Amino acid sequence: MPVLPPGSRPPPTDRPVRVYSDGIYDLFHFGHARALEQAKKTFPSVTLVVGVCSDEDTHRYKGRTVMTERERIESVRHCKWVDEVVEKAPWVITEEFLDEHDIDYVAHDDIPYTSAGSNDVYALVKSLGRFVPTRRTGGISTSDLITRIVRDYDMYIRRNLERGVSPKELRLGFLREQQWYMRKSWAMLKRTVGGLERAWEERVEDMLKGFVGM
């Protein structure tokens with residue numbers, strides 16, 4: 001049994017506890033999965049309902065996503081801890097929403113989530129005694145993954161071009177495209193010259209061995 005905050009309402013005893021967890025779940029990763037695992041294991045018997053926020057709300061309140069709404073929903077749906085998925089979940093949870101889906105508790109980390117003009121979008125749920133705190137997984141987040149991609153942008157551009165993705169699909173301008181081709185030509189030249197140097201060194205070494213043998 002979890003340690004519920006003071007004033008929490010008691011869990012039902014005649015059925016599985018319905019626990020709700022919501023989020024954006026962009027670039028679904030093991031940090032998301034661990035949070036959902038915690039929510040699933042808050043009580044001995046839990047039906048885990050997961051809400052996925054829409055593209056419209058996410059782009060308005062947080063910013064662009066890498067994955068589309070449908071891709072994010074399918075990523076969550078295929079997580080083994082999830083029993084039900086609520087599409088286009090509300091950005092701010094209301095009591096009516098909880099009652100509509102028969103939700104007993106909302107599981108989320110306890111750090112106040114400031115958004116949509118609220119100091120904490122989970123304030124209402126906490127005041128109703130229907131909140132279960134979970135713990136964040138350190139060292140991994142969607143923002144971290146995007147930072148890695150941005151940091152190694154040139155490497156990923158080269159990789160995709162070499163795999164046949166067109167410069168147009170990557171939105172490369174004419175100058176960036178020509179720059180890449182020049183870099184590629186220079187790298188090939190260096191490899192060719194390096195191969196010739198190694199071949200010449202091996203030839204000289206063979207000649208020296210032959211001379212010493214004589």
# chains A, B, ... in the order shown; residues from 1 in each chain; ligands from 1
>>> residues_around(residues="stretch 54-64 of chain A", least_positions_apart="2", cutoff="12 Å", atoms="only C-alpha atoms", output="PyMOL selection string")
chain A and resi 22-26+51-52+66-73+86-92+113-118+142-143+146
>>> select_by_dssp(residues="stretch 8-197 of chain A", states="strand (DSSP E)", output="PDB file with N, CA, C and O atoms, in the first residue's frame")
ATOM      1  N   VAL A  17      -8.540  -0.766  -7.812  1.00  0.00           N
ATOM      2  CA  VAL A  17      -8.464   0.698  -7.698  1.00  0.00           C
ATOM      3  C   VAL A  17      -8.163   1.265  -9.084  1.00  0.00           C
ATOM      4  O   VAL A  17      -7.243   0.816  -9.773  1.00  0.00           O
ATOM      5  N   ARG A  18      -8.956   2.242  -9.489  1.00  0.00           N
ATOM      6  CA  ARG A  18      -8.740   2.866 -10.796  1.00  0.00           C
ATOM      7  C   ARG A  18      -7.825   4.085 -10.615  1.00  0.00           C
ATOM      8  O   ARG A  18      -8.205   5.078  -9.991  1.00  0.00           O
ATOM      9  N   VAL A  19      -6.619   3.954 -11.152  1.00  0.00           N
ATOM     10  CA  VAL A  19      -5.600   4.998 -11.026  1.00  0.00           C
ATOM     11  C   VAL A  19      -5.384   5.621 -12.405  1.00  0.00           C
ATOM     12  O   VAL A  19      -5.275   4.915 -13.416  1.00  0.00           O
ATOM     13  N   TYR A  20      -5.328   6.938 -12.420  1.00  0.00           N
ATOM     14  CA  TYR A  20      -5.177   7.682 -13.675  1.00  0.00           C
ATOM     15  C   TYR A  20      -3.821   8.383 -13.693  1.00  0.00           C
ATOM     16  O   TYR A  20      -3.371   8.961 -12.691  1.00  0.00           O
ATOM     17  N   SER A  21      -3.160   8.320 -14.842  1.00  0.00           N
ATOM     18  CA  SER A  21      -1.900   9.036 -15.040  1.00  0.00           C
ATOM     19  C   SER A  21      -1.947   9.681 -16.413  1.00  0.00           C
ATOM     20  O   SER A  21      -2.306   9.031 -17.405  1.00  0.00           O
ATOM     21  N   ASP A  22      -1.616  10.958 -16.490  1.00  0.00           N
ATOM     22  CA  ASP A  22      -1.694  11.648 -17.774  1.00  0.00           C
ATOM     23  C   ASP A  22      -0.357  12.243 -18.158  1.00  0.00           C
ATOM     24  O   ASP A  22       0.555  12.377 -17.341  1.00  0.00           O
ATOM     25  N   GLY A  23      -0.237  12.586 -19.434  1.00  0.00           N
ATOM     26  CA  GLY A  23       1.005  13.179 -19.907  1.00  0.00           C
ATOM     27  C   GLY A  23       0.995  13.360 -21.405  1.00  0.00           C
ATOM     28  O   GLY A  23       0.013  13.067 -22.089  1.00  0.00           O
ATOM     29  N   VAL A  46      -4.824  -2.831  -9.415  1.00  0.00           N
ATOM     30  CA  VAL A  46      -5.017  -1.517 -10.037  1.00  0.00           C
ATOM     31  C   VAL A  46      -5.416  -1.673 -11.506  1.00  0.00           C
ATOM     32  O   VAL A  46      -4.854  -2.493 -12.231  1.00  0.00           O
ATOM     33  N   THR A  47      -6.374  -0.883 -11.906  1.00  0.00           N
ATOM     34  CA  THR A  47      -6.653  -0.672 -13.330  1.00  0.00           C
ATOM     35  C   THR A  47      -6.046   0.681 -13.677  1.00  0.00           C
ATOM     36  O   THR A  47      -6.490   1.716 -13.178  1.00  0.00           O
ATOM     37  N   LEU A  48      -5.021   0.661 -14.521  1.00  0.00           N
ATOM     38  CA  LEU A  48      -4.310   1.897 -14.847  1.00  0.00           C
ATOM     39  C   LEU A  48      -4.899   2.531 -16.101  1.00  0.00           C
ATOM     40  O   LEU A  48      -4.871   1.941 -17.188  1.00  0.00           O
ATOM     41  N   VAL A  49      -5.429   3.727 -15.922  1.00  0.00           N
ATOM     42  CA  VAL A  49      -6.000   4.506 -17.019  1.00  0.00           C
ATOM     43  C   VAL A  49      -5.016   5.625 -17.345  1.00  0.00           C
ATOM     44  O   VAL A  49      -4.632   6.391 -16.449  1.00  0.00           O
ATOM     45  N   VAL A  50      -4.597   5.716 -18.607  1.00  0.00           N
ATOM     46  CA  VAL A  50      -3.588   6.716 -18.985  1.00  0.00           C
ATOM     47  C   VAL A  50      -4.181   7.688 -19.995  1.00  0.00           C
ATOM     48  O   VAL A  50      -4.733   7.283 -21.020  1.00  0.00           O
ATOM     49  N   GLY A  51      -4.065   8.960 -19.680  1.00  0.00           N
ATOM     50  CA  GLY A  51      -4.535  10.005 -20.579  1.00  0.00           C
ATOM     51  C   GLY A  51      -3.395  10.583 -21.399  1.00  0.00           C
ATOM     52  O   GLY A  51      -2.330  10.888 -20.851  1.00  0.00           O
ATOM     53  N   VAL A  52      -3.616  10.718 -22.695  1.00  0.00           N
ATOM     54  CA  VAL A  52      -2.612  11.304 -23.590  1.00  0.00           C
ATOM     55  C   VAL A  52      -3.155  12.627 -24.109  1.00  0.00           C
ATOM     56  O   VAL A  52      -4.218  12.666 -24.734  1.00  0.00           O
ATOM     57  N   CYS A  53      -2.439  13.696 -23.837  1.00  0.00           N
ATOM     58  CA  CYS A  53      -2.900  15.029 -24.231  1.00  0.00           C
ATOM     59  C   CYS A  53      -2.837  15.203 -25.748  1.00  0.00           C
ATOM     60  O   CYS A  53      -1.975  14.641 -26.424  1.00  0.00           O
ATOM     61  N   GLU A  84      -6.056   1.018 -19.900  1.00  0.00           N
ATOM     62  CA  GLU A  84      -6.958   1.814 -20.722  1.00  0.00           C
ATOM     63  C   GLU A  84      -6.267   3.109 -21.122  1.00  0.00           C
ATOM     64  O   GLU A  84      -5.437   3.636 -20.380  1.00  0.00           O
ATOM     65  N   VAL A  85      -6.620   3.618 -22.302  1.00  0.00           N
ATOM     66  CA  VAL A  85      -6.064   4.888 -22.778  1.00  0.00           C
ATOM     67  C   VAL A  85      -7.197   5.866 -23.032  1.00  0.00           C
ATOM     68  O   VAL A  85      -8.192   5.517 -23.684  1.00  0.00           O
ATOM     69  N   VAL A  86      -7.045   7.078 -22.504  1.00  0.00           N
ATOM     70  CA  VAL A  86      -7.990   8.159 -22.779  1.00  0.00           C
ATOM     71  C   VAL A  86      -7.323   9.113 -23.762  1.00  0.00           C
ATOM     72  O   VAL A  86      -6.297   9.717 -23.445  1.00  0.00           O
ATOM     73  N   GLU A  87      -7.889   9.208 -24.956  1.00  0.00           N
ATOM     74  CA  GLU A  87      -7.332  10.105 -25.960  1.00  0.00           C
ATOM     75  C   GLU A  87      -7.819  11.532 -25.729  1.00  0.00           C
ATOM     76  O   GLU A  87      -8.885  11.749 -25.162  1.00  0.00           O
ATOM     77  N   LYS A  88      -6.993  12.485 -26.162  1.00  0.00           N
ATOM     78  CA  LYS A  88      -7.312  13.911 -25.997  1.00  0.00           C
ATOM     79  C   LYS A  88      -7.670  14.212 -24.537  1.00  0.00           C
ATOM     80  O   LYS A  88      -8.687  14.838 -24.219  1.00  0.00           O
ATOM     81  N   ALA A  89      -6.803  13.759 -23.664  1.00  0.00           N
ATOM     82  CA  ALA A  89      -7.019  13.974 -22.228  1.00  0.00           C
ATOM     83  C   ALA A  89      -6.992  15.463 -21.902  1.00  0.00           C
ATOM     84  O   ALA A  89      -6.251  16.230 -22.528  1.00  0.00           O
ATOM     85  N   TYR A 105      -7.871   7.686  -8.022  1.00  0.00           N
ATOM     86  CA  TYR A 105      -6.680   8.490  -7.722  1.00  0.00           C
ATOM     87  C   TYR A 105      -5.969   8.892  -9.015  1.00  0.00           C
ATOM     88  O   TYR A 105      -6.062   8.187 -10.026  1.00  0.00           O
ATOM     89  N   VAL A 106      -5.254   9.994  -8.925  1.00  0.00           N
ATOM     90  CA  VAL A 106      -4.372  10.443 -10.012  1.00  0.00           C
ATOM     91  C   VAL A 106      -2.939  10.282  -9.535  1.00  0.00           C
ATOM     92  O   VAL A 106      -2.581  10.752  -8.454  1.00  0.00           O
ATOM     93  N   ALA A 107      -2.127   9.618 -10.333  1.00  0.00           N
ATOM     94  CA  ALA A 107      -0.721   9.394  -9.988  1.00  0.00           C
ATOM     95  C   ALA A 107       0.176  10.304 -10.820  1.00  0.00           C
ATOM     96  O   ALA A 107       0.077  10.332 -12.045  1.00  0.00           O
ATOM     97  N   HIS A 108       1.031  11.040 -10.124  1.00  0.00           N
ATOM     98  CA  HIS A 108       1.981  11.936 -10.793  1.00  0.00           C
ATOM     99  C   HIS A 108       3.036  12.319  -9.775  1.00  0.00           C
ATOM    100  O   HIS A 108       2.806  12.195  -8.561  1.00  0.00           O
ATOM    101  N   ASP A 109       4.214  12.762 -10.262  1.00  0.00           N
ATOM    102  CA  ASP A 109       5.207  13.213  -9.287  1.00  0.00           C
ATOM    103  C   ASP A 109       4.683  14.454  -8.560  1.00  0.00           C
ATOM    104  O   ASP A 109       3.859  15.195  -9.095  1.00  0.00           O
ATOM    105  N   PHE A 131      -5.001  12.067  -4.921  1.00  0.00           N
ATOM    106  CA  PHE A 131      -3.684  12.184  -5.546  1.00  0.00           C
ATOM    107  C   PHE A 131      -2.719  11.186  -4.916  1.00  0.00           C
ATOM    108  O   PHE A 131      -2.654  11.056  -3.691  1.00  0.00           O
ATOM    109  N   VAL A 132      -1.951  10.488  -5.767  1.00  0.00           N
ATOM    110  CA  VAL A 132      -0.915   9.558  -5.306  1.00  0.00           C
ATOM    111  C   VAL A 132       0.418  10.000  -5.910  1.00  0.00           C
ATOM    112  O   VAL A 132       0.557  10.032  -7.138  1.00  0.00           O
ATOM    113  N   PRO A 133       1.390  10.378  -5.078  1.00  0.00           N
ATOM    114  CA  PRO A 133       2.674  10.840  -5.624  1.00  0.00           C
ATOM    115  C   PRO A 133       3.534   9.690  -6.134  1.00  0.00           C
ATOM    116  O   PRO A 133       3.583   8.615  -5.542  1.00  0.00           O
ATOM    117  N   THR A 134       4.205   9.927  -7.251  1.00  0.00           N
ATOM    118  CA  THR A 134       5.190   8.992  -7.786  1.00  0.00           C
ATOM    119  C   THR A 134       6.540   9.703  -7.830  1.00  0.00           C
ATOM    120  O   THR A 134       6.638  10.895  -7.525  1.00  0.00           O
TER     121      THR A 134
END
>>> closest_residue(among="A:Thr192, A:Ser166, A:Ser8, A:Gln179", to="A:Gly129", atoms="only C-alpha atoms")
A:Ser8
>>> select_by_dssp(residues="stretch 14-182 of chain A", states="helix (DSSP H, G or I)", output="JSON, numbers by chain")
{"A": [30, 31, 32, 33, 34, 35, 36, 37, 38, 39, 40, 55, 56, 57, 58, 59, 60, 61, 69, 70, 71, 72, 73, 74, 75, 76, 77, 95, 96, 97, 98, 99, 100, 123, 124, 125, 126, 127, 142, 143, 144, 145, 146, 147, 148, 149, 150, 151, 153, 154, 155, 156, 157, 158, 159, 160, 161, 162, 174, 175, 176, 177, 178, 179, 180, 181, 182]}
>>> closest_residue(among="A:Arg171, A:Arg191, A:Arg15, A:Arg9", to="A:Pro44", atoms="only C-alpha atoms")
A:Arg15
